[in-house]
file start-v6.csv (CSV, C-alpha atoms)
chain,number,residue,atom,x,y,z
S,1,MET,CA,-23.1,-27.6,20.3
S,2,ARG,CA,-21.2,-30.7,19.2
S,3,ALA,CA,-17.9,-30.1,17.5
S,4,ARG,CA,-19.0,-31.9,14.3
S,5,ASP,CA,-22.1,-29.6,14.1
S,6,ASN,CA,-20.1,-26.4,14.6
S,7,PRO,CA,-20.3,-24.4,11.3
S,8,PHE,CA,-16.8,-23.0,12.0
S,9,ALA,CA,-15.0,-26.4,12.3
S,10,ALA,CA,-11.6,-26.6,10.7
S,11,ASP,CA,-12.7,-28.9,7.9
S,12,ARG,CA,-15.5,-26.5,6.9
S,13,ILE,CA,-13.2,-23.5,7.0
S,14,GLU,CA,-10.6,-25.2,4.9
S,15,ARG,CA,-13.2,-25.5,2.1
S,16,ILE,CA,-13.5,-21.7,1.9
S,17,ARG,CA,-11.3,-20.5,-1.0
S,18,TYR,CA,-9.7,-17.2,-1.7
S,19,ARG,CA,-12.1,-14.5,-2.8
S,20,PHE,CA,-10.9,-12.0,-5.4
S,21,VAL,CA,-11.7,-8.3,-5.3
S,22,GLY,CA,-11.0,-6.2,-8.4
S,23,THR,CA,-9.1,-9.0,-10.2
S,24,SER,CA,-9.5,-12.7,-11.0
S,25,LEU,CA,-7.5,-15.9,-10.9
S,26,ASP,CA,-6.9,-15.7,-14.7
S,27,GLU,CA,-5.7,-12.1,-14.4
S,28,LEU,CA,-3.4,-13.0,-11.6
S,29,LEU,CA,-1.9,-15.9,-13.6
S,30,THR,CA,-1.3,-13.6,-16.5
S,31,ARG,CA,0.5,-11.1,-14.3
S,32,LEU,CA,2.6,-13.9,-12.7
S,33,ASP,CA,3.6,-15.0,-16.2
S,34,ASP,CA,4.5,-11.4,-17.1
S,35,MET,CA,6.6,-11.3,-13.9
S,36,ASN,CA,8.5,-14.5,-15.1
S,37,TYR,CA,7.1,-16.4,-12.2
S,38,ARG,CA,9.1,-14.5,-9.6
S,39,ALA,CA,6.7,-12.7,-7.2
S,40,ALA,CA,5.3,-12.4,-3.7
S,41,ILE,CA,1.8,-12.6,-2.3
S,42,THR,CA,1.9,-10.2,0.6
S,43,GLY,CA,-0.4,-9.3,3.4
S,44,PRO,CA,-1.0,-9.5,7.2
S,45,GLU,CA,-1.6,-12.7,9.1
S,46,GLY,CA,-5.0,-14.3,8.4
S,47,SER,CA,-5.5,-12.4,5.1
S,48,GLY,CA,-5.7,-15.4,2.8
S,49,LYS,CA,-2.1,-15.7,1.5
S,50,THR,CA,-1.8,-19.4,2.0
S,51,THR,CA,-5.2,-20.1,0.6
S,52,LEU,CA,-4.4,-18.1,-2.5
S,53,LEU,CA,-1.0,-19.8,-2.9
S,54,GLU,CA,-2.8,-23.2,-2.8
S,55,ASP,CA,-5.4,-22.0,-5.3
S,56,LEU,CA,-2.6,-20.7,-7.6
S,57,ARG,CA,-0.8,-24.0,-7.3
S,58,GLU,CA,-3.8,-25.9,-8.5
S,59,ALA,CA,-4.3,-23.6,-11.4
S,60,LEU,CA,-0.6,-23.7,-12.4
S,61,GLU,CA,-0.5,-27.5,-12.3
S,62,TYR,CA,-3.8,-27.6,-14.4
S,63,ARG,CA,-1.9,-25.5,-16.9
S,64,GLY,CA,0.9,-28.0,-17.0
S,65,LEU,CA,3.5,-26.4,-14.8
S,66,ARG,CA,5.2,-28.5,-12.2
S,67,THR,CA,5.3,-27.0,-8.7
S,68,LYS,CA,7.2,-27.8,-5.5
S,69,LEU,CA,5.6,-26.4,-2.3
S,70,LEU,CA,7.4,-25.7,1.0
S,71,PHE,CA,5.6,-24.4,4.1
S,72,VAL,CA,7.7,-22.5,6.7
S,73,ASN,CA,6.6,-20.9,9.9
S,74,ASP,CA,7.7,-20.4,13.5
S,75,ALA,CA,6.5,-23.9,14.4
S,76,SER,CA,8.1,-25.4,11.3
S,77,PRO,CA,11.3,-23.4,10.8
S,78,LEU,CA,13.7,-24.1,7.9
S,79,SER,CA,17.3,-24.8,8.9
S,80,GLU,CA,20.2,-24.0,6.5
S,81,ALA,CA,20.7,-27.8,6.1
S,82,GLN,CA,17.0,-28.3,5.2
S,83,CYS,CA,17.2,-25.4,2.8
S,84,ARG,CA,20.3,-26.8,1.1
S,85,ARG,CA,18.6,-30.3,0.8
S,86,PHE,CA,15.4,-28.8,-0.6
S,87,LEU,CA,17.3,-26.8,-3.2
S,88,SER,CA,19.5,-29.7,-4.2
S,89,GLU,CA,16.4,-31.7,-5.1
S,90,LEU,CA,15.0,-29.0,-7.5
S,91,VAL,CA,14.7,-29.6,-11.2
S,92,PRO,CA,14.7,-26.7,-13.7
S,93,GLN,CA,11.1,-27.3,-14.7
S,94,GLU,CA,9.7,-26.8,-11.2
S,95,LEU,CA,8.1,-23.6,-9.9
S,96,VAL,CA,8.9,-23.2,-6.2
S,97,LEU,CA,6.1,-22.1,-4.0
S,98,LEU,CA,7.3,-21.0,-0.6
S,99,ASP,CA,4.7,-20.2,2.0
S,100,GLY,CA,6.3,-18.1,4.8
S,101,ALA,CA,9.4,-16.6,3.1
S,102,ASP,CA,9.7,-14.0,5.9
S,103,ALA,CA,10.1,-16.8,8.5
S,104,ILE,CA,13.4,-17.9,6.9
S,105,ARG,CA,16.7,-16.7,8.2
S,106,ARG,CA,18.3,-14.0,6.1
S,107,SER,CA,21.3,-16.2,5.0
S,108,SER,CA,19.0,-19.0,3.9
S,109,TRP,CA,16.7,-16.6,2.1
S,110,PHE,CA,19.6,-15.2,0.0
S,111,LEU,CA,20.7,-18.8,-0.8
S,112,PHE,CA,17.1,-19.7,-1.6
S,113,ARG,CA,16.6,-16.8,-3.9
S,114,ARG,CA,19.9,-17.1,-5.7
S,115,HIS,CA,19.6,-20.8,-6.3
S,116,THR,CA,16.0,-20.7,-7.6
S,117,VAL,CA,17.0,-18.1,-10.2
S,118,ARG,CA,19.4,-20.7,-11.7
S,119,HIS,CA,17.8,-24.0,-10.9
S,120,ALA,CA,14.0,-23.5,-10.9
S,121,ALA,CA,11.2,-22.3,-13.3
S,122,GLY,CA,10.3,-19.6,-10.8
S,123,LEU,CA,9.7,-18.6,-7.2
S,124,LEU,CA,6.4,-17.6,-5.7
S,125,VAL,CA,6.4,-16.7,-2.0
S,126,THR,CA,4.0,-15.5,0.7
S,127,SER,CA,5.3,-12.9,3.0
S,128,HIS,CA,3.8,-10.6,5.7
S,129,ARG,CA,5.7,-7.6,4.3
S,130,PRO,CA,6.6,-6.5,0.8
S,131,GLY,CA,10.2,-6.3,-0.5
S,132,LEU,CA,11.4,-9.9,-0.8
S,133,LEU,CA,10.3,-10.2,-4.4
S,134,PRO,CA,8.0,-7.9,-6.6
S,135,THR,CA,4.5,-8.0,-5.2
S,136,LEU,CA,2.0,-10.0,-7.3
S,137,ILE,CA,-0.9,-9.2,-5.0
S,138,GLU,CA,-1.5,-7.7,-1.6
S,139,CYS,CA,-4.1,-9.7,0.4
S,140,THR,CA,-6.4,-7.7,2.6
S,141,THR,CA,-9.6,-8.4,4.4
S,142,THR,CA,-12.8,-6.4,5.3
S,143,ALA,CA,-15.6,-6.9,7.8
S,144,GLY,CA,-17.8,-7.4,4.7
S,145,LEU,CA,-15.7,-10.3,3.6
S,146,LEU,CA,-15.9,-11.8,7.1
S,147,GLN,CA,-19.7,-11.4,6.9
S,148,GLU,CA,-19.8,-13.1,3.5
S,149,ILE,CA,-17.8,-16.1,4.7
S,150,VAL,CA,-19.9,-16.4,7.9
S,151,ARG,CA,-23.0,-16.3,5.8
S,152,ASP,CA,-21.6,-19.1,3.6
S,153,LEU,CA,-20.6,-21.2,6.6
S,154,SER,CA,-23.5,-20.6,8.9
S,155,PRO,CA,-26.6,-19.2,7.1
S,156,GLN,CA,-28.8,-20.2,10.1
S,157,THR,CA,-26.9,-18.3,12.9
S,158,PRO,CA,-28.9,-15.2,13.6
S,159,ALA,CA,-26.8,-14.2,16.7
S,160,LEU,CA,-23.9,-13.2,14.5
S,161,SER,CA,-25.1,-9.7,13.5
S,162,PRO,CA,-23.1,-7.5,11.1
S,163,ALA,CA,-22.2,-5.2,14.1
S,164,PHE,CA,-20.8,-8.2,16.0
S,165,LEU,CA,-18.8,-9.3,13.0
S,166,ARG,CA,-17.5,-5.8,12.4
S,167,ALA,CA,-16.4,-5.6,16.0
S,168,LEU,CA,-14.8,-9.1,15.8
S,169,HIS,CA,-12.9,-8.1,12.6
S,170,ASN,CA,-11.6,-4.9,14.3
S,171,ARG,CA,-10.7,-6.7,17.5
S,172,HIS,CA,-8.5,-9.2,15.5
S,173,GLN,CA,-7.2,-6.4,13.2
S,174,GLY,CA,-8.5,-8.1,10.1
S,175,ASN,CA,-7.1,-11.6,10.8
S,176,LEU,CA,-9.9,-13.8,9.4
S,177,ARG,CA,-8.3,-16.9,10.8
S,178,ALA,CA,-8.4,-15.5,14.3
S,179,CYS,CA,-12.0,-14.3,13.7
S,180,LEU,CA,-13.1,-17.8,12.6
S,181,ARG,CA,-11.4,-19.5,15.5
S,182,GLU,CA,-13.3,-17.2,17.9
S,183,LEU,CA,-16.6,-17.9,16.1
S,184,TYR,CA,-15.9,-21.6,16.6
S,185,ASP,CA,-15.6,-21.0,20.3
S,186,VAL,CA,-18.8,-18.8,20.3
S,187,CYS,CA,-20.8,-21.5,18.6
S,188,ALA,CA,-19.2,-24.3,20.8
S,189,LYS,CA,-20.7,-22.5,23.9
S,190,ALA,CA,-24.1,-22.2,22.3
S,191,PRO,CA,-26.8,-24.7,23.6
call {"tool": "encode", "arguments": {"input": "start-v6.csv", "output": "structure tokens"}}
result
Amino acid sequence: MRARDNPFAADRIERIRYRFVGTSLDELLTRLDDMNYRAAITGPEGSGKTTLLEDLREALEYRGLRTKLLFVNDASPLSEAQCRRFLSELVPQELVLLDGADAIRRSSWFLFRRHTVRHAAGLLVTSHRPGLLPTLIECTTTAGLLQEIVRDLSPQTPALSPAFLRALHNRHQGNLRACLRELYDVCAKAP
């Protein structure tokens, strides 16, 4: 299969948005407001934290809030000098969105948290573990969610049975990003 025809190509996967279970975007925004815009989106790798953060950013900006987004991970670490520079550029009306808070060194995290209390409208982070800030929502996945996403991306792929997708979800311990990467490879090998 040609890469551009692969239903699990990155550009197609990026169009998949966070899917709420038991709550809604409006309810989450109300809760975030009640938490004075200081909260964490938690969950394991590949559970939708970044996608949800992006969706929340769009909704917050639509409501007139200014946001400033920072992505941090092992491939893009945040040095203390970068942290200080980012914080020095903050304005009080900005809500800081930090994707990957648990990837920041402890000293930088304390500086970041303390500075945003005084110099930002709030701080919303993603983290693999709870405890950095009060939890706004814990992201989780299910084999059923994977099946729903696969059905949306590739309704014409009969080889991807529910049993296969359940096994894939289990093998990757719920990491949907890893599941979708493997599905890309499966389809790439198909004639």
call {"tool": "residues_around", "arguments": {"input": "start-v6.csv", "residues": "S:Leu70", "least_positions_apart": "6", "cutoff": "7 Å", "atoms": "all atoms listed in the file", "output": "PyMOL selection string"}}
result
chain S and resi 97-99
call {"tool": "closest_residue", "arguments": {"input": "start-v6.csv", "among": "S:Leu53, S:Leu123, S:Leu60, S:Cys179", "to": "S:Thr30", "atoms": "all atoms listed in the file"}}
result
S:Leu60
call {"tool": "atom_distance", "arguments": {"input": "start-v6.csv", "atom1": "atom CA of S:Glu148", "atom2": "atom CA of S:Ala39"}}
result
28.6 Å
call {"tool": "closest_residue", "arguments": {"input": "start-v6.csv", "among": "S:Leu56, S:Thr51, S:Ile137, S:Leu153", "to": "S:Thr23", "atoms": "all atoms listed in the file"}}
result
S:Ile137
call {"tool": "residues_around", "arguments": {"input": "start-v6.csv", "residues": "S:Val186", "least_positions_apart": "3", "cutoff": "10 Å", "atoms": "all atoms listed in the file", "output": "list in words"}}
result
Met1, Asn6, Phe8, Ala159, Leu160, Leu180, Arg181, Glu182, Leu183, Lys189 and Ala190 of chain S
call {"tool": "atom_distance", "arguments": {"input": "start-v6.csv", "atom1": "atom CA of S:Arg17", "atom2": "atom CA of S:Ser127"}}
result
18.7 Å
call {"tool": "residues_near_point", "arguments": {"input": "start-v6.csv", "point": "(-24.2, -11.4, 5.0)", "cutoff": "12 Å", "atoms": "only C-alpha atoms", "output": "list of chain:residue names"}}
result
S:Ala143, S:Gly144, S:Leu145, S:Leu146, S:Gln147, S:Glu148, S:Ile149, S:Val150, S:Arg151, S:Asp152, S:Leu153, S:Ser154, S:Pro155, S:Gln156, S:Thr157, S:Pro158, S:Leu160, S:Ser161, S:Pro162, S:Ala163, S:Phe164, S:Leu165, S:Arg166
